[in-house]
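Heads up, data_38.pdb below (PDB, C-alpha atoms, pLDDT in the B column):
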ATOM      1  CA  MET J   1     -34.705 -44.565  18.059  1.00 60.00           C
ATOM      2  CA  SER J   2     -32.760 -44.276  14.868  1.00 70.00           C
ATOM      3  CA  ALA J   3     -29.379 -42.593  14.543  1.00 70.00           C
ATOM      4  CA  PRO J   4     -29.097 -39.634  12.179  1.00 70.00           C
ATOM      5  CA  THR J   5     -27.507 -40.514   8.872  1.00 73.00           C
ATOM      6  CA  HIS J   6     -24.694 -38.453   7.494  1.00 69.00           C
ATOM      7  CA  THR J   7     -24.485 -37.760   3.806  1.00 72.00           C
ATOM      8  CA  ARG J   8     -21.161 -37.971   2.081  1.00 67.00           C
ATOM      9  CA  PRO J   9     -19.585 -34.723   0.944  1.00 68.00           C
ATOM     10  CA  HIS J  10     -19.463 -33.993  -2.752  1.00 65.00           C
ATOM     11  CA  PRO J  11     -16.470 -35.511  -4.518  1.00 62.00           C
ATOM     12  CA  ALA J  12     -13.473 -33.261  -5.003  1.00 60.00           C
ATOM     13  CA  THR J  13     -13.304 -31.256  -8.182  1.00 59.00           C
ATOM     14  CA  THR J  14     -10.674 -31.781 -10.843  1.00 66.00           C
ATOM     15  CA  GLY J  15      -8.299 -29.315  -9.157  1.00 71.00           C
ATOM     16  CA  ARG J  16      -9.335 -26.282 -11.184  1.00 75.00           C
ATOM     17  CA  VAL J  17      -9.704 -23.143  -9.110  1.00 76.00           C
ATOM     18  CA  ASP J  18     -12.184 -20.604 -10.374  1.00 77.00           C
ATOM     19  CA  ILE J  19     -11.407 -17.274  -8.753  1.00 83.00           C
ATOM     20  CA  ARG J  20     -12.724 -14.124 -10.359  1.00 88.00           C
ATOM     21  CA  LEU J  21     -11.400 -10.724  -9.399  1.00 87.00           C
ATOM     22  CA  PRO J  22     -13.203  -7.493 -10.143  1.00 91.00           C
ATOM     23  CA  TRP J  23     -11.560  -5.311 -12.781  1.00 90.00           C
ATOM     24  CA  TRP J  24     -10.506  -2.690 -10.257  1.00 90.00           C
ATOM     25  CA  ALA J  25      -8.588  -5.225  -8.169  1.00 91.00           C
ATOM     26  CA  LEU J  26      -5.903  -5.193 -10.857  1.00 91.00           C
ATOM     27  CA  ALA J  27      -6.448  -1.710 -12.296  1.00 93.00           C
ATOM     28  CA  LEU J  28      -5.985   0.277  -9.081  1.00 94.00           C
ATOM     29  CA  PRO J  29      -2.608  -1.199  -8.057  1.00 94.00           C
ATOM     30  CA  ALA J  30      -1.395  -0.831 -11.637  1.00 94.00           C
ATOM     31  CA  LEU J  31      -2.516   2.816 -11.706  1.00 94.00           C
ATOM     32  CA  ALA J  32      -0.801   3.485  -8.369  1.00 93.00           C
ATOM     33  CA  PHE J  33       2.419   1.880  -9.618  1.00 94.00           C
ATOM     34  CA  ILE J  34       2.404   3.904 -12.833  1.00 91.00           C
ATOM     35  CA  THR J  35       1.724   7.129 -10.930  1.00 88.00           C
ATOM     36  CA  LEU J  36       4.568   6.535  -8.487  1.00 88.00           C
ATOM     37  CA  LEU J  37       6.901   5.553 -11.302  1.00 87.00           C
ATOM     38  CA  ALA J  38       6.056   8.770 -13.157  1.00 84.00           C
ATOM     39  CA  LEU J  39       6.815  10.791 -10.038  1.00 81.00           C
ATOM     40  CA  ILE J  40      10.178   9.101  -9.645  1.00 83.00           C
ATOM     41  CA  LEU J  41      11.146   9.486 -13.296  1.00 81.00           C
ATOM     42  CA  ASN J  42      10.238  13.187 -13.452  1.00 75.00           C
ATOM     43  CA  PRO J  43      12.082  14.843 -10.556  1.00 66.00           C
ATOM     44  CA  ALA J  44      11.686  18.310 -12.116  1.00 67.00           C
ATOM     45  CA  ASP J  45       8.157  18.434 -10.704  1.00 59.00           C
ATOM     46  CA  ALA J  46       9.364  17.647  -7.205  1.00 57.00           C
ATOM     47  CA  GLN J  47       9.883  20.638  -4.952  1.00 62.00           C
ATOM     48  CA  ALA J  48      11.954  20.716  -1.824  1.00 60.00           C
ATOM     49  CA  ALA J  49       9.954  21.139   1.314  1.00 56.00           C
ATOM     50  CA  THR J  50      10.716  24.450   2.950  1.00 60.00           C
ATOM     51  CA  GLY J  51      10.516  24.429   6.690  1.00 59.00           C
ATOM     52  CA  ASP J  52       9.245  27.203   8.894  1.00 70.00           C
ATOM     53  CA  PRO J  53      12.120  29.685   9.472  1.00 76.00           C
ATOM     54  CA  ALA J  54      11.378  29.769  13.214  1.00 77.00           C
ATOM     55  CA  ILE J  55      11.769  25.994  13.484  1.00 75.00           C
ATOM     56  CA  THR J  56      14.968  26.104  11.437  1.00 77.00           C
ATOM     57  CA  HIS J  57      16.326  28.853  13.660  1.00 80.00           C
ATOM     58  CA  LEU J  58      15.415  26.892  16.801  1.00 76.00           C
ATOM     59  CA  LEU J  59      17.125  23.759  15.499  1.00 77.00           C
ATOM     60  CA  GLU J  60      20.265  25.760  14.689  1.00 83.00           C
ATOM     61  CA  ARG J  61      20.296  27.115  18.254  1.00 84.00           C
ATOM     62  CA  VAL J  62      19.909  23.633  19.725  1.00 80.00           C
ATOM     63  CA  GLN J  63      22.707  22.348  17.504  1.00 83.00           C
ATOM     64  CA  ALA J  64      24.968  25.237  18.546  1.00 84.00           C
ATOM     65  CA  LEU J  65      24.150  24.584  22.204  1.00 81.00           C
ATOM     66  CA  PHE J  66      25.244  20.956  21.951  1.00 81.00           C
ATOM     67  CA  ALA J  67      28.330  21.832  19.903  1.00 79.00           C
ATOM     68  CA  HIS J  68      29.927  23.814  22.785  1.00 68.00           C
TER      69      HIS J  68
END

Representation of the structure as structure tokens:
Amino acid sequence: MSAPTHTRPHPATTGRVDIRLPWWALALPALAFITLLALILNPADAQAATGDPAITHLLERVQALFAH
């Protein structure tokens, strides 16, 4: 009965790593960054969020209740 022989692994490469990313792997984060930067730099387009008047009224009542 013969023992199975093991082959040696391939010798190590020269240390060069060959990683290829798809084009969108860099384009999408860059586009998101530019979009967020444009939103920050142009605050005139930003609008304040208006709450529901009933909720605002309720919160004022709760605040007045705790103030006494």

Coordinates-based distance that separates CA of Leu36 in chain J from CA of Asp52 in chain J (Å, one decimal): 27.4 Å

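CA of Arg20 in chain J is positioned 23.7 Å from CA of Ile34 in chain J.
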
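The spacing separating CA of Ala30 in chain J from CA of Val17 in chain J amounts to 23.9 Å.
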
Since the input lacks some atoms of range 30-45 of chain J, please model N, CA, C and O atoms and print them as a PDB file, in the coordinates of the input.
ATOM      1  N   ALA J  30      -2.166  -1.185 -10.455  1.00 94.00           N
ATOM      2  CA  ALA J  30      -1.395  -0.831 -11.637  1.00 94.00           C
ATOM      3  C   ALA J  30      -1.350   0.685 -11.819  1.00 94.00           C
ATOM      4  O   ALA J  30      -0.296   1.257 -12.138  1.00 94.00           O
ATOM      5  N   LEU J  31      -2.468   1.353 -11.596  1.00 94.00           N
ATOM      6  CA  LEU J  31      -2.516   2.816 -11.706  1.00 94.00           C
ATOM      7  C   LEU J  31      -1.629   3.469 -10.650  1.00 94.00           C
ATOM      8  O   LEU J  31      -0.906   4.431 -10.937  1.00 94.00           O
ATOM      9  N   ALA J  32      -1.652   2.949  -9.433  1.00 93.00           N
ATOM     10  CA  ALA J  32      -0.801   3.485  -8.369  1.00 93.00           C
ATOM     11  C   ALA J  32       0.673   3.294  -8.713  1.00 93.00           C
ATOM     12  O   ALA J  32       1.491   4.201  -8.502  1.00 93.00           O
ATOM     13  N   PHE J  33       1.021   2.139  -9.249  1.00 94.00           N
ATOM     14  CA  PHE J  33       2.419   1.880  -9.618  1.00 94.00           C
ATOM     15  C   PHE J  33       2.876   2.833 -10.716  1.00 94.00           C
ATOM     16  O   PHE J  33       3.966   3.404 -10.645  1.00 94.00           O
ATOM     17  N   ILE J  34       2.039   3.018 -11.722  1.00 91.00           N
ATOM     18  CA  ILE J  34       2.404   3.904 -12.833  1.00 91.00           C
ATOM     19  C   ILE J  34       2.542   5.341 -12.350  1.00 91.00           C
ATOM     20  O   ILE J  34       3.456   6.069 -12.756  1.00 91.00           O
ATOM     21  N   THR J  35       1.656   5.768 -11.462  1.00 88.00           N
ATOM     22  CA  THR J  35       1.724   7.129 -10.930  1.00 88.00           C
ATOM     23  C   THR J  35       3.003   7.337 -10.137  1.00 88.00           C
ATOM     24  O   THR J  35       3.697   8.352 -10.312  1.00 88.00           O
ATOM     25  N   LEU J  36       3.336   6.396  -9.269  1.00 88.00           N
ATOM     26  CA  LEU J  36       4.568   6.535  -8.487  1.00 88.00           C
ATOM     27  C   LEU J  36       5.808   6.462  -9.371  1.00 88.00           C
ATOM     28  O   LEU J  36       6.777   7.183  -9.146  1.00 88.00           O
ATOM     29  N   LEU J  37       5.771   5.632 -10.372  1.00 87.00           N
ATOM     30  CA  LEU J  37       6.901   5.553 -11.302  1.00 87.00           C
ATOM     31  C   LEU J  37       7.078   6.862 -12.059  1.00 87.00           C
ATOM     32  O   LEU J  37       8.202   7.335 -12.252  1.00 87.00           O
ATOM     33  N   ALA J  38       5.971   7.483 -12.464  1.00 84.00           N
ATOM     34  CA  ALA J  38       6.056   8.770 -13.157  1.00 84.00           C
ATOM     35  C   ALA J  38       6.617   9.850 -12.247  1.00 84.00           C
ATOM     36  O   ALA J  38       7.380  10.721 -12.697  1.00 84.00           O
ATOM     37  N   LEU J  39       6.269   9.808 -10.973  1.00 81.00           N
ATOM     38  CA  LEU J  39       6.815  10.791 -10.038  1.00 81.00           C
ATOM     39  C   LEU J  39       8.311  10.601  -9.827  1.00 81.00           C
ATOM     40  O   LEU J  39       9.051  11.568  -9.674  1.00 81.00           O
ATOM     41  N   ILE J  40       8.751   9.363  -9.826  1.00 83.00           N
ATOM     42  CA  ILE J  40      10.178   9.101  -9.645  1.00 83.00           C
ATOM     43  C   ILE J  40      10.965   9.503 -10.890  1.00 83.00           C
ATOM     44  O   ILE J  40      12.057  10.062 -10.801  1.00 83.00           O
ATOM     45  N   LEU J  41      10.420   9.228 -12.058  1.00 81.00           N
ATOM     46  CA  LEU J  41      11.146   9.486 -13.296  1.00 81.00           C
ATOM     47  C   LEU J  41      11.158  10.953 -13.691  1.00 81.00           C
ATOM     48  O   LEU J  41      11.948  11.351 -14.527  1.00 81.00           O
ATOM     49  N   ASN J  42      10.287  11.770 -13.099  1.00 75.00           N
ATOM     50  CA  ASN J  42      10.238  13.187 -13.452  1.00 75.00           C
ATOM     51  C   ASN J  42      10.512  14.023 -12.207  1.00 75.00           C
ATOM     52  O   ASN J  42       9.612  14.628 -11.641  1.00 75.00           O
ATOM     53  N   PRO J  43      11.776  14.112 -11.780  1.00 66.00           N
ATOM     54  CA  PRO J  43      12.082  14.843 -10.556  1.00 66.00           C
ATOM     55  C   PRO J  43      11.979  16.358 -10.713  1.00 66.00           C
ATOM     56  O   PRO J  43      12.049  17.075  -9.734  1.00 66.00           O
ATOM     57  N   ALA J  44      11.813  16.867 -11.924  1.00 67.00           N
ATOM     58  CA  ALA J  44      11.686  18.310 -12.116  1.00 67.00           C
ATOM     59  C   ALA J  44      10.417  18.839 -11.455  1.00 67.00           C
ATOM     60  O   ALA J  44      10.361  20.001 -11.051  1.00 67.00           O
ATOM     61  N   ASP J  45       9.395  18.003 -11.340  1.00 59.00           N
ATOM     62  CA  ASP J  45       8.157  18.434 -10.704  1.00 59.00           C
ATOM     63  C   ASP J  45       8.242  18.408  -9.182  1.00 59.00           C
ATOM     64  O   ASP J  45       7.403  19.004  -8.510  1.00 59.00           O
TER      65      ASP J  45
END
